[in-house]
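Engineer: Take this structure, written in structure tokens, and hold onto it; I'll ask about it next.
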Amino acid sequence: MRALLLYPMNALANDQLKRLRQLLAQAPHITFGRYTGDTPHGAREAEATFESLNPGERRLPNELLSREEMRFQPPHLLLTNYAMLEYLLLRPADLDLFERQNWRYIALDEAHVYDGAKAAEVAMLLRRLRDRVAPETSLQCIATSATVGEDPTTVVDFATKLFDVPFEWVDGDTGRQDLVRDTRVPTPAGPFWGPLDTTTYRELAAIEEPAAEILRLAKEHGFAADDAGEALAQEQGMADLRSRLAGGPGALDDLGQMLCASDQRPQEAVAAMVAVGSKISDSAGTPVLSARYHLFARATEGAFTCLTSSGPHVSLSRHEICETCQGAAFEFGACKRCGAVHLTGTVRHGDLFVPRVTRDEKRAWLLLGDTPLLVDQDDEDLEGARQLDGQDRFLCAACGGLRTTMQAQCGRDGCVSTTLWPVRLLNVRETYPTGCLSCGARVAGMVRLFESGDDAAVAVLATALYQAQPPAADDALADQPGEGRKLLSFSDSRQAAAFFAPYLEMSYSSIQHRRLILEGDDVRTRSRCRRVAIRHAAKYAPDHR
């Protein structure tokens, strides 16, 4: 053993394992292996697993695939996660991994995830490891992170506490700076050629290997070069895009208007430039434009609306005052059966309805509109009608005041608003109503707020991204489930990841069954799909068979 590469999740270890194969293909004297919970015990099983996961790829002679192989001959580079490292230090069968005193390096990836109790646990684990493998010698400790912080003193102090080895940072002395930062490749200086029009960039993006075409276009514009990377870097449009992104990320809409305003579809034009810049590399193997797209999304925290005469103005972010008309904003939900609008919040001082509810306040519900009370006779006999009781009130759209009688003006604290909505204040004993006052539905959760939750939002995005991917070009991969498409989802929480995986499978399965019913070609197909959907519903939602 020479080095330990420690990852917080198996997904990261698997991803880096592929890169190690590329790096060490020409170095057969350096052995490496991944030892996690997924690592097979025997050599034959490991070989079969490797072939199934990497069709058409040849196994490197210096890669150890099974626990059996690594126990017999420990690899020079060992990839694992901190949970498995705990087991390896305890199990007698794995003690040989730590017996030979040749350890030199410990590399910890994604160091920013180690905070709080987890950081303390990993710090103690690393101390135990060092006492086992190098009690009398020093180890080279390396931590990598893209988001650990900007202050050098704070970063090296964090590393010192995590590894229990000295890290230092002295301003002005490059020989005493243990923090290695990223360096940006400078944008080339002129003279530039071009610029190429957006149509040409679209054509280049459609070519699998556009290097020769770029050299030809550069020569036509008077720029002679033997390297396509150099030629593309000196093109005026690409240089402008690189200069703009050198100062930080930019929104796709803004970049389109800035660089491709004359194009009818500026976003597509910028995307074509990014695609071309990513395909062409310079002499060092670095893409001319090493760009990434980032889509930021968050789960909805509810739906909020005003009720003024100029509204309603609906927002999916929390507001107490409407940004458009300055009226009071209320959080609302709807009955899943009849669609009746319900407002939720709390009543303060007996006559003020506000959407924000603190821990020590009781949640209140208002049925919006002058709707007659309906009660299902069967439900009334079973559970009693008293839970569906409500009190008539009038809600001021300007301040949220609750009036017991209809008035010309609100009048609460001098409010002169004349927009008063008839509402019913529900008598709710629990946090959420057990039914709907409008249609008489008597099922728990019948009135639902517009909250998606984190998992639902990620599931929708993951499904859309997966379906938008093209099938694999390789016939062998395209014959696999999903036609060779792959999508990897990360989470800093193992508990959240463990919950999200079955949630996505269940929700996507439900969508598939609905689509089968919708797109059934004949009565027999619809009937068969309907039976499958009914069985699925009975399994996952027995209360709604």
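Naming works like this for the structure tokens: A, B, ... for the chains as they're shown, residue 1 at the start of each chain, ligands 1 onward in shown order.
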What's around Phe72 in chain A at 12 Å? Count only C-alpha atoms, leave out sequence neighbours fewer than 5 positions away in its own chain, and write the answer as a list in words.

Structural biologist: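 Residues meeting the cut-off are His41, Gly42, Ala43, Leu64, Ser66, Arg67, Ala93, Asp94, Leu95, Asp96 and Leu97 of chain A.
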
Engineer: Please identify every residue of range 157-192 of chain A that has at least one atom no farther than 8 Å from an atom of range 118-136 of chain A, counting only C-alpha atoms, and for each give the shortest atom pair and the distance in Å to one decimal, arranged by chain then increasing number, as JSON lines.

Structural biologist:
{"residue": "A:Lys161", "atom": "CA", "partner": "A:Ala123", "partner_atom": "CA", "distance": 7.4}
{"residue": "A:Leu162", "atom": "CA", "partner": "A:Ala123", "partner_atom": "CA", "distance": 4.9}
{"residue": "A:Phe163", "atom": "CA", "partner": "A:Ala123", "partner_atom": "CA", "distance": 6.1}
{"residue": "A:Asp164", "atom": "CA", "partner": "A:Arg127", "partner_atom": "CA", "distance": 7.2}

Engineer: Can you tell me which residues surround Gly149 in chain A at a distance of at most 12 Å, considering only C-alpha atoms, apart from same-chain residues fewer than 5 positions away, and format the answer as a PDB file with C-alpha atoms, in the first residue's frame?

Structural biologist:
ATOM      1  CA  ALA A 111     -13.568  17.655   2.181  1.00  0.00           C
ATOM      2  CA  HIS A 112     -16.359  20.208   2.604  1.00  0.00           C
ATOM      3  CA  THR A 144      -9.645  18.410  -2.188  1.00  0.00           C
ATOM      4  CA  THR A 154      -9.480  29.175   7.966  1.00  0.00           C
ATOM      5  CA  VAL A 155      -8.922  26.476   5.336  1.00  0.00           C
ATOM      6  CA  VAL A 156      -5.522  25.349   6.626  1.00  0.00           C
ATOM      7  CA  ASP A 157      -6.844  25.397  10.206  1.00  0.00           C
ATOM      8  CA  PHE A 158      -9.675  23.092   9.101  1.00  0.00           C
ATOM      9  CA  ALA A 159      -7.187  20.718   7.418  1.00  0.00           C
ATOM     10  CA  LEU A 179      -3.263  25.705   0.125  1.00  0.00           C
ATOM     11  CA  ARG A 181      -5.734  27.216  -5.492  1.00  0.00           C
TER      12      ARG A 181
END

Engineer: Using CA of Asp455 in chain A and CA of Arg356 in chain A as the two end points, give the distance in Å to one decimal.

Structural biologist: 23.6 Å

Engineer: DSSP on the backbone, helix (DSSP H, G or I) only: what residues of range 1-198 of chain A does that give? Format it as a VMD selection string.

Structural biologist: chain A and resid 10 to 24 43 to 53 67 to 72 82 to 90 92 to 98 111 to 113 116 to 133 152 to 163 174 to 176 198

Engineer: Excluding Ser138 in chain A and any residue of its chain fewer than 5 positions from it, enumerate the residues within 10 Å of it, using only C-alpha atoms, and give them as JSON, numbers by chain.

Structural biologist: {"A": [103, 104, 105, 130, 165]}

Engineer: Convert the current residue selection to file output with C-alpha atoms, as a short mmCIF file (atom, residue, chain, number, x, y, z; two decimals), in the first residue's frame.

Structural biologist:
data_model
loop_
_atom_site.label_atom_id
_atom_site.label_comp_id
_atom_site.auth_asym_id
_atom_site.auth_seq_id
_atom_site.Cartn_x
_atom_site.Cartn_y
_atom_site.Cartn_z
CA TRP A 103 2.09 4.11 3.31
CA ARG A 104 2.87 7.57 1.98
CA TYR A 105 -0.37 9.41 1.12
CA ARG A 130 -2.14 6.75 10.97
CA VAL A 165 -0.90 17.17 10.88
#

Engineer: Please list as JSON, numbers by chain every residue within 10 Å of Leu6 in chain A, counting only C-alpha atoms and excluding residues in the same chain fewer than 4 positions away.

Structural biologist: {"A": [10, 12, 13, 78, 79, 80, 81, 82, 83, 84, 85, 106, 107, 108, 109, 110, 111, 143]}

Engineer: Could the residues in this selection be written to a file with N, CA and C atoms, as a PDB file, in the first residue's frame?

Structural biologist:
ATOM      1  N   ASN A  10     -19.878   6.040  -2.634  1.00  0.00           N
ATOM      2  CA  ASN A  10     -19.403   5.080  -3.617  1.00  0.00           C
ATOM      3  C   ASN A  10     -19.483   5.623  -5.035  1.00  0.00           C
ATOM      4  N   LEU A  12     -18.825   8.563  -6.139  1.00  0.00           N
ATOM      5  CA  LEU A  12     -17.611   9.314  -6.448  1.00  0.00           C
ATOM      6  C   LEU A  12     -16.425   8.385  -6.665  1.00  0.00           C
ATOM      7  N   ALA A  13     -16.331   7.343  -5.837  1.00  0.00           N
ATOM      8  CA  ALA A  13     -15.236   6.389  -6.002  1.00  0.00           C
ATOM      9  C   ALA A  13     -15.330   5.682  -7.352  1.00  0.00           C
ATOM     10  N   LEU A  78      -5.509   2.437  -3.010  1.00  0.00           N
ATOM     11  CA  LEU A  78      -6.764   1.848  -2.540  1.00  0.00           C
ATOM     12  C   LEU A  78      -7.839   2.917  -2.483  1.00  0.00           C
ATOM     13  N   LEU A  79      -8.970   2.672  -3.156  1.00  0.00           N
ATOM     14  CA  LEU A  79     -10.103   3.582  -3.140  1.00  0.00           C
ATOM     15  C   LEU A  79     -11.178   2.995  -2.235  1.00  0.00           C
ATOM     16  N   THR A  80     -11.699   3.803  -1.324  1.00  0.00           N
ATOM     17  CA  THR A  80     -12.776   3.343  -0.458  1.00  0.00           C
ATOM     18  C   THR A  80     -13.511   4.552   0.097  1.00  0.00           C
ATOM     19  N   ASN A  81     -14.499   4.302   0.962  1.00  0.00           N
ATOM     20  CA  ASN A  81     -15.203   5.387   1.645  1.00  0.00           C
ATOM     21  C   ASN A  81     -14.950   5.270   3.145  1.00  0.00           C
ATOM     22  N   TYR A  82     -15.290   6.320   3.874  1.00  0.00           N
ATOM     23  CA  TYR A  82     -14.917   6.349   5.287  1.00  0.00           C
ATOM     24  C   TYR A  82     -15.684   5.306   6.096  1.00  0.00           C
ATOM     25  N   ALA A  83     -16.905   4.947   5.665  1.00  0.00           N
ATOM     26  CA  ALA A  83     -17.653   3.917   6.388  1.00  0.00           C
ATOM     27  C   ALA A  83     -16.982   2.556   6.231  1.00  0.00           C
ATOM     28  N   MET A  84     -16.535   2.221   5.012  1.00  0.00           N
ATOM     29  CA  MET A  84     -15.858   0.960   4.783  1.00  0.00           C
ATOM     30  C   MET A  84     -14.493   0.930   5.459  1.00  0.00           C
ATOM     31  N   LEU A  85     -13.810   2.070   5.514  1.00  0.00           N
ATOM     32  CA  LEU A  85     -12.508   2.116   6.178  1.00  0.00           C
ATOM     33  C   LEU A  85     -12.633   1.703   7.637  1.00  0.00           C
ATOM     34  N   ILE A 106      -2.494  10.038   2.079  1.00  0.00           N
ATOM     35  CA  ILE A 106      -3.929   9.938   2.354  1.00  0.00           C
ATOM     36  C   ILE A 106      -4.588  11.112   1.640  1.00  0.00           C
ATOM     37  N   ALA A 107      -5.461  10.806   0.708  1.00  0.00           N
ATOM     38  CA  ALA A 107      -6.162  11.850  -0.054  1.00  0.00           C
ATOM     39  C   ALA A 107      -7.650  11.774   0.267  1.00  0.00           C
ATOM     40  N   LEU A 108      -8.195  12.893   0.702  1.00  0.00           N
ATOM     41  CA  LEU A 108      -9.594  12.980   1.114  1.00  0.00           C
ATOM     42  C   LEU A 108     -10.338  13.877   0.129  1.00  0.00           C
ATOM     43  N   ASP A 109     -11.278  13.282  -0.619  1.00  0.00           N
ATOM     44  CA  ASP A 109     -12.012  14.049  -1.632  1.00  0.00           C
ATOM     45  C   ASP A 109     -13.273  14.654  -1.017  1.00  0.00           C
ATOM     46  N   GLU A 110     -13.733  15.760  -1.604  1.00  0.00           N
ATOM     47  CA  GLU A 110     -14.952  16.448  -1.158  1.00  0.00           C
ATOM     48  C   GLU A 110     -14.885  16.751   0.342  1.00  0.00           C
ATOM     49  N   ALA A 111     -13.803  17.417   0.754  1.00  0.00           N
ATOM     50  CA  ALA A 111     -13.568  17.655   2.181  1.00  0.00           C
ATOM     51  C   ALA A 111     -14.650  18.517   2.816  1.00  0.00           C
ATOM     52  N   ALA A 143      -6.358  17.135   0.961  1.00  0.00           N
ATOM     53  CA  ALA A 143      -7.808  17.292   0.947  1.00  0.00           C
ATOM     54  C   ALA A 143      -8.189  18.123  -0.268  1.00  0.00           C
TER      55      ALA A 143
END

Engineer: Quick one: of A:Leu65, A:Val180, A:Leu4, A:Cys415, who's nearest to Gly33 in chain A, counting only C-alpha atoms?

Structural biologist: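 Going through A:Leu65, A:Val180, A:Leu4, A:Cys415 one by one, the smallest distance to Gly33 in chain A is for A:Leu65.
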
Engineer: Any idea what the distance is between CA of Leu504 in chain A and CA of Pro55 in chain A?

Structural biologist: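 Going from CA of Leu504 in chain A over to CA of Pro55 in chain A covers 26.6 Å.
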
Engineer: Which residues are near Leu449 in chain A? Cut-off 9 Å, only C-alpha atoms, ignore same chain within fewer than 6 positions. Put them as number ranges by chain.

Structural biologist: A: 302-303, 331-335, 342, 344

Engineer: Rounded to one decimal, what separation in Å do you get between CA of Ser281 in chain A and CA of Glu230 in chain A?

Structural biologist: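 Atom-to-atom, CA of Ser281 in chain A and CA of Glu230 in chain A are spaced 8.6 Å apart.
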
Engineer: Using only C-alpha atoms for the distances, tell me which of A:Arg2, A:Leu20, A:Leu252, A:Asp282 is nearest to Glu99 in chain A.

Structural biologist: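 Result for the nearest residue to Glu99 in chain A: A:Arg2.
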
Engineer: Would you kindly return, as a compact mmCIF listing (two decimals) with C-alpha atoms, in the first residue's frame, each protein, DNA or RNA residue with an atom no farther than 12 Å from any atom of Leu343 in chain A, considering only C-alpha atoms and excluding same-chain residues fewer than 3 positions away?

Structural biologist:
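Wrote it out as part-v2.txt, contents follow:
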# COMPACT_ATOMS: atom_id res chain seq x y z
CA GLY A 302 -46.31 27.18 -1.30
CA ALA A 303 -48.47 29.39 -3.51
CA PHE A 304 -49.31 32.94 -2.42
CA THR A 305 -51.85 35.36 -3.85
CA CYS A 306 -53.34 38.77 -3.21
CA LEU A 307 -57.09 39.41 -3.38
CA ALA A 329 -50.62 38.15 0.32
CA PHE A 330 -52.12 34.88 1.54
CA GLU A 331 -50.98 31.28 1.19
CA PHE A 332 -53.62 29.16 -0.51
CA GLY A 333 -54.44 25.56 -1.32
CA ALA A 334 -57.27 23.76 -3.02
CA CYS A 335 -59.64 20.87 -2.50
CA ALA A 340 -62.40 25.17 -3.78
CA THR A 346 -53.03 32.14 11.66
CA VAL A 347 -55.40 34.58 13.36
CA PHE A 353 -55.26 36.87 9.37
CA VAL A 354 -51.59 36.47 8.35
CA PRO A 355 -49.92 33.70 6.30
CA ARG A 356 -46.83 33.14 8.49
CA ARG A 363 -52.87 27.16 12.04
CA ALA A 364 -56.18 28.56 10.76
CA TRP A 365 -58.05 27.86 7.51
CA LEU A 366 -60.44 30.04 5.52
CA LEU A 367 -62.73 28.81 2.76
CA LEU A 368 -62.74 31.57 0.16
CA GLY A 369 -66.05 32.66 -1.35
CA LEU A 395 -61.50 39.21 4.85
CA GLY A 400 -55.88 40.83 6.24
CA TRP A 421 -64.10 38.85 0.66
CA VAL A 423 -64.89 33.61 3.85
CA ARG A 424 -65.63 30.82 6.30
CA LEU A 425 -63.29 30.32 9.23
CA LEU A 426 -63.02 26.55 9.65
CA TYR A 432 -55.05 20.32 8.60
CA PRO A 433 -58.79 20.03 7.92
CA VAL A 447 -57.34 20.22 1.10
CA ARG A 448 -53.81 20.35 -0.23
CA LEU A 449 -51.26 23.16 -0.26
CA PHE A 450 -49.01 23.79 -3.26
